[in-house]
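Engineer: As input, take protein-v3.cif (mmCIF, C-alpha atoms):
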data_protein
loop_
_atom_site.label_atom_id
_atom_site.label_comp_id
_atom_site.auth_asym_id
_atom_site.auth_seq_id
_atom_site.Cartn_x
_atom_site.Cartn_y
_atom_site.Cartn_z
CA GLY A 29 6.12 44.18 -15.56
CA ILE A 30 6.53 42.48 -12.17
CA VAL A 31 9.82 44.30 -11.56
CA ALA A 32 8.12 47.61 -12.36
CA LEU A 33 5.30 46.87 -9.90
CA VAL A 34 7.79 46.02 -7.16
CA GLY A 35 9.64 49.24 -7.87
CA MET A 36 6.42 51.22 -7.60
CA LEU A 37 5.72 49.73 -4.17
CA ARG A 38 9.11 50.91 -2.96
CA ALA A 39 8.82 54.39 -4.47
CA PRO A 40 7.92 57.26 -2.10
CA ARG A 41 4.29 58.30 -2.20
CA SER A 42 3.44 61.68 -3.69
CA PRO A 43 1.27 64.03 -1.64
CA ARG A 44 -2.37 63.93 -2.66
CA GLY A 45 -3.72 67.06 -4.33
CA GLN A 46 -7.28 68.20 -4.82
CA ALA A 47 -8.11 69.14 -8.41
CA PRO A 48 -11.65 69.92 -9.57
CA MET A 49 -13.01 68.15 -12.62
CA ASP A 50 -13.27 69.95 -15.94
CA PRO A 51 -15.90 67.91 -17.82
CA ALA A 52 -16.43 70.53 -20.53
CA GLY A 53 -12.74 70.67 -21.39
CA GLN A 54 -12.31 66.91 -21.28
CA ILE A 55 -15.37 66.19 -23.42
CA THR A 56 -14.51 68.78 -26.09
CA ALA A 57 -10.89 67.59 -26.25
CA VAL A 58 -11.89 63.95 -26.71
CA LEU A 59 -14.53 64.89 -29.27
CA ALA A 60 -12.10 67.02 -31.30
CA LEU A 61 -9.40 64.34 -31.42
CA ALA A 62 -11.81 61.48 -32.10
CA ALA A 63 -13.60 63.40 -34.86
CA LEU A 64 -10.33 64.28 -36.58
CA VAL A 65 -9.06 60.70 -36.52
CA PHE A 66 -12.43 59.42 -37.74
CA ALA A 67 -12.50 61.93 -40.60
CA VAL A 68 -9.03 60.95 -41.82
CA ILE A 69 -9.84 57.23 -41.60
CA ASN A 70 -13.12 57.72 -43.46
CA ALA A 71 -11.35 59.76 -46.12
CA GLY A 72 -9.12 56.77 -46.84
CA SER A 73 -12.05 54.65 -47.96
CA HIS A 74 -14.64 57.20 -49.11
CA GLY A 75 -12.60 60.24 -50.21
CA TRP A 76 -11.95 63.69 -48.83
CA ALA A 77 -15.09 65.16 -50.39
CA ASP A 78 -17.40 62.56 -48.86
CA PRO A 79 -20.13 64.23 -46.73
CA VAL A 80 -19.30 62.05 -43.72
CA THR A 81 -15.61 63.00 -43.99
CA LEU A 82 -16.44 66.70 -44.22
CA ALA A 83 -18.83 66.40 -41.28
CA GLY A 84 -16.07 64.75 -39.24
CA PHE A 85 -13.66 67.60 -39.96
CA ALA A 86 -16.36 70.15 -39.14
CA VAL A 87 -17.04 68.49 -35.79
CA ALA A 88 -13.30 68.42 -35.07
CA VAL A 89 -12.91 72.13 -35.79
CA LEU A 90 -15.98 73.11 -33.76
CA ALA A 91 -14.98 70.91 -30.83
CA ALA A 92 -11.43 72.26 -30.89
CA ALA A 93 -12.74 75.82 -30.89
CA ALA A 94 -15.05 74.97 -27.98
CA PHE A 95 -12.12 73.40 -26.11
CA LEU A 96 -9.96 76.50 -26.52
CA ALA A 97 -12.80 78.79 -25.46
CA THR A 98 -13.61 76.62 -22.44
CA GLU A 99 -10.05 76.25 -21.24
CA SER A 100 -9.29 79.95 -21.59
CA ARG A 101 -12.18 80.80 -19.25
CA GLN A 102 -11.85 78.02 -16.68
CA SER A 103 -10.28 78.84 -13.33
CA ASN A 104 -9.02 75.23 -13.11
CA PRO A 105 -8.77 73.94 -16.69
CA ALA A 106 -7.88 70.36 -17.50
CA VAL A 107 -5.13 71.66 -19.80
CA PRO A 108 -3.97 75.19 -18.91
CA LEU A 109 -3.30 76.87 -22.26
CA THR A 110 -0.65 79.05 -20.62
CA MET A 111 1.56 75.95 -20.53
CA PHE A 112 2.13 76.25 -24.27
CA ARG A 113 3.56 79.74 -23.95
CA ASN A 114 6.66 77.94 -22.79
CA PRO A 115 8.56 77.06 -26.01
CA ALA A 116 9.92 73.86 -24.45
CA VAL A 117 6.42 72.54 -23.76
CA ALA A 118 5.23 73.37 -27.28
CA VAL A 119 8.31 71.79 -28.90
CA CYS A 120 8.18 68.63 -26.76
CA THR A 121 4.47 68.15 -27.44
CA SER A 122 4.95 68.60 -31.19
CA ALA A 123 8.01 66.34 -31.26
CA GLY A 124 6.17 63.59 -29.37
CA LEU A 125 3.29 63.74 -31.82
CA ALA A 126 5.63 63.63 -34.84
CA LEU A 127 7.71 60.74 -33.48
CA ASN A 128 4.70 58.51 -32.93
CA LEU A 129 3.10 59.54 -36.21
CA GLY A 130 6.07 58.25 -38.17
CA TYR A 131 6.74 55.22 -35.98
CA TYR A 132 3.25 53.72 -35.74
CA GLY A 133 2.22 54.82 -39.21
CA LEU A 134 5.08 52.86 -40.75
CA VAL A 135 4.54 49.86 -38.48
CA PHE A 136 0.97 49.76 -39.84
CA VAL A 137 2.14 49.99 -43.46
CA PHE A 138 4.80 47.32 -43.12
CA THR A 139 2.49 44.99 -41.25
CA ILE A 140 0.30 44.96 -44.36
CA PHE A 141 3.35 44.76 -46.63
CA PHE A 142 4.75 41.69 -44.85
CA GLN A 143 1.45 39.84 -45.04
CA GLU A 144 0.36 40.82 -48.55
CA HIS A 145 3.71 40.84 -50.38
CA ARG A 146 5.83 38.42 -48.37
CA GLY A 147 3.03 35.97 -47.57
CA ALA A 148 3.73 36.18 -43.85
CA SER A 149 1.12 35.18 -41.30
CA ALA A 150 -0.04 37.72 -38.74
CA LEU A 151 2.28 36.09 -36.17
CA MET A 152 5.28 36.10 -38.50
CA ALA A 153 4.63 39.71 -39.51
CA GLY A 154 4.75 40.66 -35.85
CA LEU A 155 7.98 38.71 -35.30
CA MET A 156 9.60 40.61 -38.16
CA PHE A 157 9.52 43.75 -36.00
CA ILE A 158 11.58 42.13 -33.23
CA PRO A 159 14.96 43.50 -34.46
CA MET A 160 13.54 47.03 -34.57
CA THR A 161 11.83 46.83 -31.18
CA ALA A 162 14.86 45.12 -29.59
CA PHE A 163 17.03 48.07 -30.55
CA THR A 164 14.34 50.41 -29.22
CA THR A 165 14.58 48.73 -25.81
CA LEU A 166 18.39 48.74 -25.73
CA VAL A 167 18.68 52.34 -26.87
CA ASN A 168 16.12 53.42 -24.27
CA LEU A 169 18.61 52.40 -21.58
CA LEU A 170 21.41 54.27 -23.32
CA ALA A 171 19.22 57.36 -23.78
CA GLY A 172 18.72 57.68 -20.03
CA ARG A 173 22.48 57.72 -19.44
CA LEU A 174 23.08 60.21 -22.25
CA THR A 175 20.37 62.47 -20.86
CA ASN A 176 21.91 62.40 -17.38
CA ARG A 177 25.36 63.16 -18.77
CA HIS A 178 24.62 65.66 -21.56
CA GLY A 179 21.08 66.87 -20.88
CA PRO A 180 18.04 66.11 -23.05
CA ARG A 181 18.92 68.23 -26.10
CA PHE A 182 21.67 66.05 -27.61
CA PRO A 183 19.95 62.62 -27.47
CA LEU A 184 16.59 64.14 -28.43
CA ILE A 185 17.89 65.81 -31.58
CA THR A 186 20.06 62.81 -32.46
CA GLY A 187 17.12 60.45 -32.11
CA GLN A 188 14.90 62.57 -34.32
CA VAL A 189 17.59 62.80 -37.01
CA ILE A 190 18.13 59.02 -36.96
CA GLN A 191 14.40 58.33 -37.22
CA THR A 192 14.05 60.81 -40.10
CA LEU A 193 16.91 59.18 -42.00
CA GLY A 194 15.37 55.78 -41.32
CA ILE A 195 12.03 56.87 -42.76
CA LEU A 196 13.76 58.24 -45.87
CA GLY A 197 15.61 54.94 -46.28
CA LEU A 198 12.36 52.99 -46.13
CA LEU A 199 11.03 54.95 -49.10
CA LEU A 200 13.42 52.97 -51.30
CA VAL A 201 11.88 49.60 -50.38
CA THR A 202 10.51 47.63 -53.35
CA GLU A 203 8.71 44.32 -53.74
CA ASP A 204 12.09 42.75 -54.53
CA THR A 205 13.96 44.10 -51.49
CA PRO A 206 15.43 41.09 -49.61
CA THR A 207 13.69 40.51 -46.31
CA PRO A 208 16.92 40.61 -44.22
CA LEU A 209 17.79 43.99 -45.74
CA LEU A 210 14.28 45.24 -45.09
CA LEU A 211 14.51 44.25 -41.42
CA VAL A 212 17.83 46.11 -41.20
CA LEU A 213 16.26 49.21 -42.76
CA LEU A 214 13.60 49.18 -40.04
CA VAL A 215 16.20 49.31 -37.25
CA PRO A 216 16.95 53.08 -37.50
CA LEU A 217 13.24 53.74 -36.96
CA GLY A 218 13.44 51.90 -33.64
CA ILE A 219 16.78 53.42 -32.66
CA GLY A 220 15.56 56.95 -33.34
CA GLY A 221 12.37 56.51 -31.35
CA GLY A 222 14.14 54.75 -28.48
CA LEU A 223 16.79 57.46 -28.29
CA ALA A 224 14.38 60.40 -28.49
CA VAL A 225 11.54 59.49 -26.13
CA PRO A 226 13.34 59.40 -22.72
CA PRO A 227 14.97 62.84 -23.15
CA LEU A 228 11.71 64.12 -24.58
CA THR A 229 9.94 63.16 -21.36
CA THR A 230 12.74 64.66 -19.28
CA ALA A 231 12.67 67.94 -21.17
CA MET A 232 8.89 68.15 -20.83
CA LEU A 233 8.92 67.57 -17.07
CA GLU A 234 11.81 69.97 -16.52
CA SER A 235 9.98 72.76 -18.33
CA VAL A 236 7.01 72.93 -15.92
CA PRO A 237 6.70 73.53 -12.17
CA HIS A 238 6.90 70.45 -9.94
CA GLU A 239 3.19 70.53 -9.13
CA ARG A 240 2.34 70.31 -12.84
CA ALA A 241 4.60 67.35 -13.60
CA GLY A 242 1.67 64.91 -13.77
CA LEU A 243 -0.25 67.24 -16.07
CA ALA A 244 2.75 67.72 -18.36
CA SER A 245 3.30 63.96 -18.53
CA GLY A 246 -0.36 63.44 -19.43
CA VAL A 247 -0.28 66.10 -22.16
CA LEU A 248 2.85 64.56 -23.72
CA SER A 249 1.35 61.06 -23.55
CA ALA A 250 -1.88 62.25 -25.15
CA ALA A 251 0.04 63.99 -27.94
CA ARG A 252 2.05 60.85 -28.64
CA GLN A 253 -1.03 58.61 -28.72
CA PHE A 254 -2.82 61.06 -30.98
CA GLY A 255 0.21 61.12 -33.28
CA GLY A 256 0.14 57.33 -33.51
CA ALA A 257 -3.56 57.31 -34.36
CA ILE A 258 -3.18 60.02 -36.99
CA GLY A 259 -0.12 58.28 -38.47
CA VAL A 260 -2.07 55.06 -39.01
CA ALA A 261 -5.03 56.99 -40.43
CA LEU A 262 -2.94 59.15 -42.79
CA LEU A 263 -0.80 56.33 -44.15
CA GLY A 264 -3.91 54.18 -44.47
CA ALA A 265 -5.42 56.93 -46.61
CA LEU A 266 -2.19 57.07 -48.65
CA ILE A 267 -2.32 53.32 -49.29
CA ALA A 268 -5.93 53.68 -50.34
CA GLY A 269 -4.86 56.34 -52.86
CA GLN A 270 -6.81 59.18 -51.29
CA LEU A 271 -3.89 61.50 -50.51
CA TRP A 272 -1.90 61.20 -53.74
CA THR A 273 -1.70 58.69 -56.49
CA ILE A 274 1.43 56.59 -56.08
CA ASP A 275 3.02 58.12 -59.17
CA GLN A 276 2.31 61.66 -57.88
CA ALA A 277 3.97 60.85 -54.57
CA SER A 278 6.95 59.30 -56.35
CA GLU A 279 7.40 62.32 -58.62
CA TYR A 280 7.15 64.77 -55.72
CA LEU A 281 9.62 62.88 -53.51
CA GLY A 282 12.00 62.05 -56.34
CA ILE A 283 11.64 58.31 -55.76
CA GLN A 284 11.72 55.63 -58.42
CA LYS A 285 8.14 54.83 -59.29
CA GLY A 286 8.74 51.13 -58.79
CA SER A 287 9.84 51.69 -55.20
CA ALA A 288 6.70 53.45 -54.06
CA ARG A 289 4.46 51.25 -56.14
CA GLY A 290 6.09 48.13 -54.72
CA LEU A 291 5.28 49.17 -51.18
CA LEU A 292 1.87 50.71 -51.82
CA SER A 293 0.37 48.40 -54.42
CA ARG A 294 -3.18 47.58 -55.34
CA ARG A 295 -3.23 44.54 -53.09
CA SER A 296 -2.37 46.77 -50.14
CA VAL A 297 -5.15 49.13 -51.15
CA GLN A 298 -7.61 46.26 -51.16
CA ARG A 299 -6.35 45.17 -47.76
CA VAL A 300 -6.90 48.65 -46.24
CA ASP A 301 -10.35 48.96 -47.79
CA SER A 302 -11.33 45.67 -46.16
CA ILE A 303 -10.25 46.79 -42.66
#
Could you write out this file's structure as structure tokens?

Structural biologist:
Amino acid sequence: GIVALVGMLRAPRSPRGQAPMDPAGQITAVLALAALVFAVINAGSHGWADPVTLAGFAVAVLAAAAFLATESRQSNPAVPLTMFRNPAVAVCTSAGLALNLGYYGLVFVFTIFFQEHRGASALMAGLMFIPMTAFTTLVNLLAGRLTNRHGPRFPLITGQVIQTLGILGLLLVTEDTPTPLLLVLLVPLGIGGGLAVPPLTTAMLESVPHERAGLASGVLSAARQFGGAIGVALLGALIAGQLWTIDQASEYLGIQKGSARGLLSRRSVQRVDSI
């Protein structure tokens, strides 16, 4: 952190630009995202047909519609919708959301798994993610070099493929899976995310004019944070049994019932309901 601050002091200053506020667009965007996350979280404990859940989804839809209507009419919108006519912007935004959805959703699930099924303390559960996060840091450095040498496409696609394979591998985890093996199975999740994010940022910034670089960075960051929030909410609802029963999910995915049930057991459900 200190090194980063020193580097910022030595970086050249960007010219200041005057941009009018867009309170209507900002308020409707925040309301739509917050309402959607709230509705999914509430569905995990009270069900999808619960009146509060349905009201949350209704607010999210109405706020999203108001946001689109507001931004399409504003002369200086907070998020110019014309940005998303560029396929690169749309793909990068979607990819950022998906990456964080899988990453943080599974971190949430395995945090509960380590504490409830392995008897780990909160501190020990956090330490169990060190191998995964260490590889994320190391691969981040490599991703920058690969992006400079080959462009963003190759490391971005490779990272997404590795993370997808890692997620599929984690579906085979059972209550009896040895802890060292489990920690190894988490590593591809970190490698994939670490490899994909730097080129994702590069591709996003390269796809917009220089004067919109800050806006593009903000949109990508917001999409990633929203993906993380939705990932935690969706997988929390899955643990609580509100998306599918565990046997239904196992049958659909072709997984041994014991594998899914070992990871998403009744004790985990009780843990989520108490949060």

Engineer: Please define a box with edges along x, y and z of the file around all atoms of region 149-167 of chain A given in the file, extend it by 5 Å on each side, and return its centre and edge lengths in Å to one decimal, as AutoDock Vina command-line options.

Structural biologist:
--center_x 9.3 --center_y 43.8 --center_z -33.5 --size_x 28.7 --size_y 27.2 --size_z 25.6

Engineer: Care to translate the PyMOL selection byres ((chain A and resi 99-103) around 10) into actual residues of this file, as a list in words?

Structural biologist: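 Applied to this file, the PyMOL selection byres ((chain A and resi 99-103) around 10) selects Pro48, Asp50, Ala52, Gly53, Gln54, Thr56, Ala94, Phe95, Leu96, Ala97, Thr98, Asn104, Pro105, Ala106, Val107, Pro108, Leu109 and Thr110 of chain A.
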
Engineer: Go ahead and compute the interatomic distance for CA of Thr175 (chain A) and CA of Gly246 (chain A), in Å to one decimal.

Structural biologist: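 Going from CA of Thr175 (chain A) over to CA of Gly246 (chain A), I get 20.8 Å.
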
Engineer: Rounded to one decimal in Å, what is the spacing between CA of Leu64 (chain A) and CA of Ile267 (chain A)?

Structural biologist: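 Distance reported for this atom pair: 18.6 Å.
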
Engineer: What is the distance, in Å and to one decimal place, between CA of Ser235 (chain A) and CA of Phe254 (chain A)?

Structural biologist: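 Atom-to-atom, CA of Ser235 (chain A) and CA of Phe254 (chain A) are spaced 21.5 Å apart.
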
Engineer: Tell me which of A:Leu243, A:Leu127, A:Ala162, A:Leu196 sits closest to Gly255 (chain A), counting all atoms listed in the file.

Structural biologist: A:Leu127

Engineer: Which polymer residues, whether protein, DNA or RNA, lie within 8 Å of the coordinate (3.6, 57.6, -35.0) when you count all atoms listed in the file? List them as an MDAnalysis selection string, using the chain letters and numbers from the file.

Structural biologist: chainID A and resid 125:134 252:253 255:260

Engineer: Pull C-alpha atoms from the residues just selected and write them as a CSV table (one decimal), keeping the file's coordinate frame.

Structural biologist:
chain,number,residue,atom,x,y,z
A,125,LEU,CA,3.3,63.7,-31.8
A,126,ALA,CA,5.6,63.6,-34.8
A,127,LEU,CA,7.7,60.7,-33.5
A,128,ASN,CA,4.7,58.5,-32.9
A,129,LEU,CA,3.1,59.5,-36.2
A,130,GLY,CA,6.1,58.2,-38.2
A,131,TYR,CA,6.7,55.2,-36.0
A,132,TYR,CA,3.2,53.7,-35.7
A,133,GLY,CA,2.2,54.8,-39.2
A,134,LEU,CA,5.1,52.9,-40.8
A,252,ARG,CA,2.0,60.8,-28.6
A,253,GLN,CA,-1.0,58.6,-28.7
A,255,GLY,CA,0.2,61.1,-33.3
A,256,GLY,CA,0.1,57.3,-33.5
A,257,ALA,CA,-3.6,57.3,-34.4
A,258,ILE,CA,-3.2,60.0,-37.0
A,259,GLY,CA,-0.1,58.3,-38.5
A,260,VAL,CA,-2.1,55.1,-39.0

Engineer: Pick out the residues sitting within 12 Å of Ala231 (chain A), and hand them over as a list in words; count all atoms listed in the file, and ignore anything fewer than 6 positions along from it in its own chain.

Structural biologist: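 Answer for this query is Asn114, Pro115, Ala116, Val117, Ala118, Val119, Cys120, Thr121, Ala123, Gly124, Gly172, Thr175, Asn176, Gly179, Pro180, Arg181, Phe182, Pro183, Leu184, Ile185, Ala224, Val225, Ala241, Ala244, Ser245 and Leu248 of chain A.
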
Engineer: Would you please work out which residue, of A:Asn70, A:Thr230, A:Ser149, A:Thr207, is nearest to Ala268 (chain A) when using only C-alpha atoms?

Structural biologist: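 Ranked by minimum distance to Ala268 (chain A), first place goes to A:Asn70.
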
Engineer: I want to know what sits within 10 Å of Phe142 (chain A), based on all atoms listed in the file, with residues of the same chain fewer than 4 positions away left out; could you give that as a ChimeraX atom specification?

Structural biologist: /A:137-138,146-150,152-154,156,207,291

Engineer: Which of these, A:Ile55, A:Ile158, A:Met111, A:Ala93, has the shortest distance to Leu233 (chain A) once you count all atoms listed in the file?

Structural biologist: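 Residue with the minimum atom-to-atom distance to Leu233 (chain A): A:Met111.
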
Engineer: I need the residue set behind the PyMOL selection byres ((chain A and resi 85) around 10) for this file; please write it as a ChimeraX atom specification.

Structural biologist: /A:60,63-68,76,79-84,86-91

Engineer: Let me make sure I understand: among A:Leu155, A:Val58, A:Leu228, A:Gly197, which one has the smallest atom-to-atom distance to Leu209 (chain A) if we use only C-alpha atoms?

Structural biologist: A:Gly197

Engineer: May I ask which of the residues A:Val247, A:Ala171, A:Met160, A:Ala261 is the closest one to Pro216 (chain A), counting all atoms listed in the file?

Structural biologist: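 Result for the nearest residue to Pro216 (chain A): A:Met160.
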
Engineer: Hey, which of A:Gly72, A:Pro208, A:Pro159, A:Pro237 ends up closest to Leu262 (chain A)? Count all atoms listed in the file.

Structural biologist: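 Counting all atoms listed in the file, the residue closest to Leu262 (chain A) is A:Gly72.
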
Engineer: Can you pull out the residues contacting Leu170 (chain A)? Cut-off 12 Å, using all atoms listed in the file, and skip same-chain residues under 5 positions away; I want them as a ChimeraX atom specification.

Structural biologist: /A:163-165,175-178,183,187,219-220,222-227
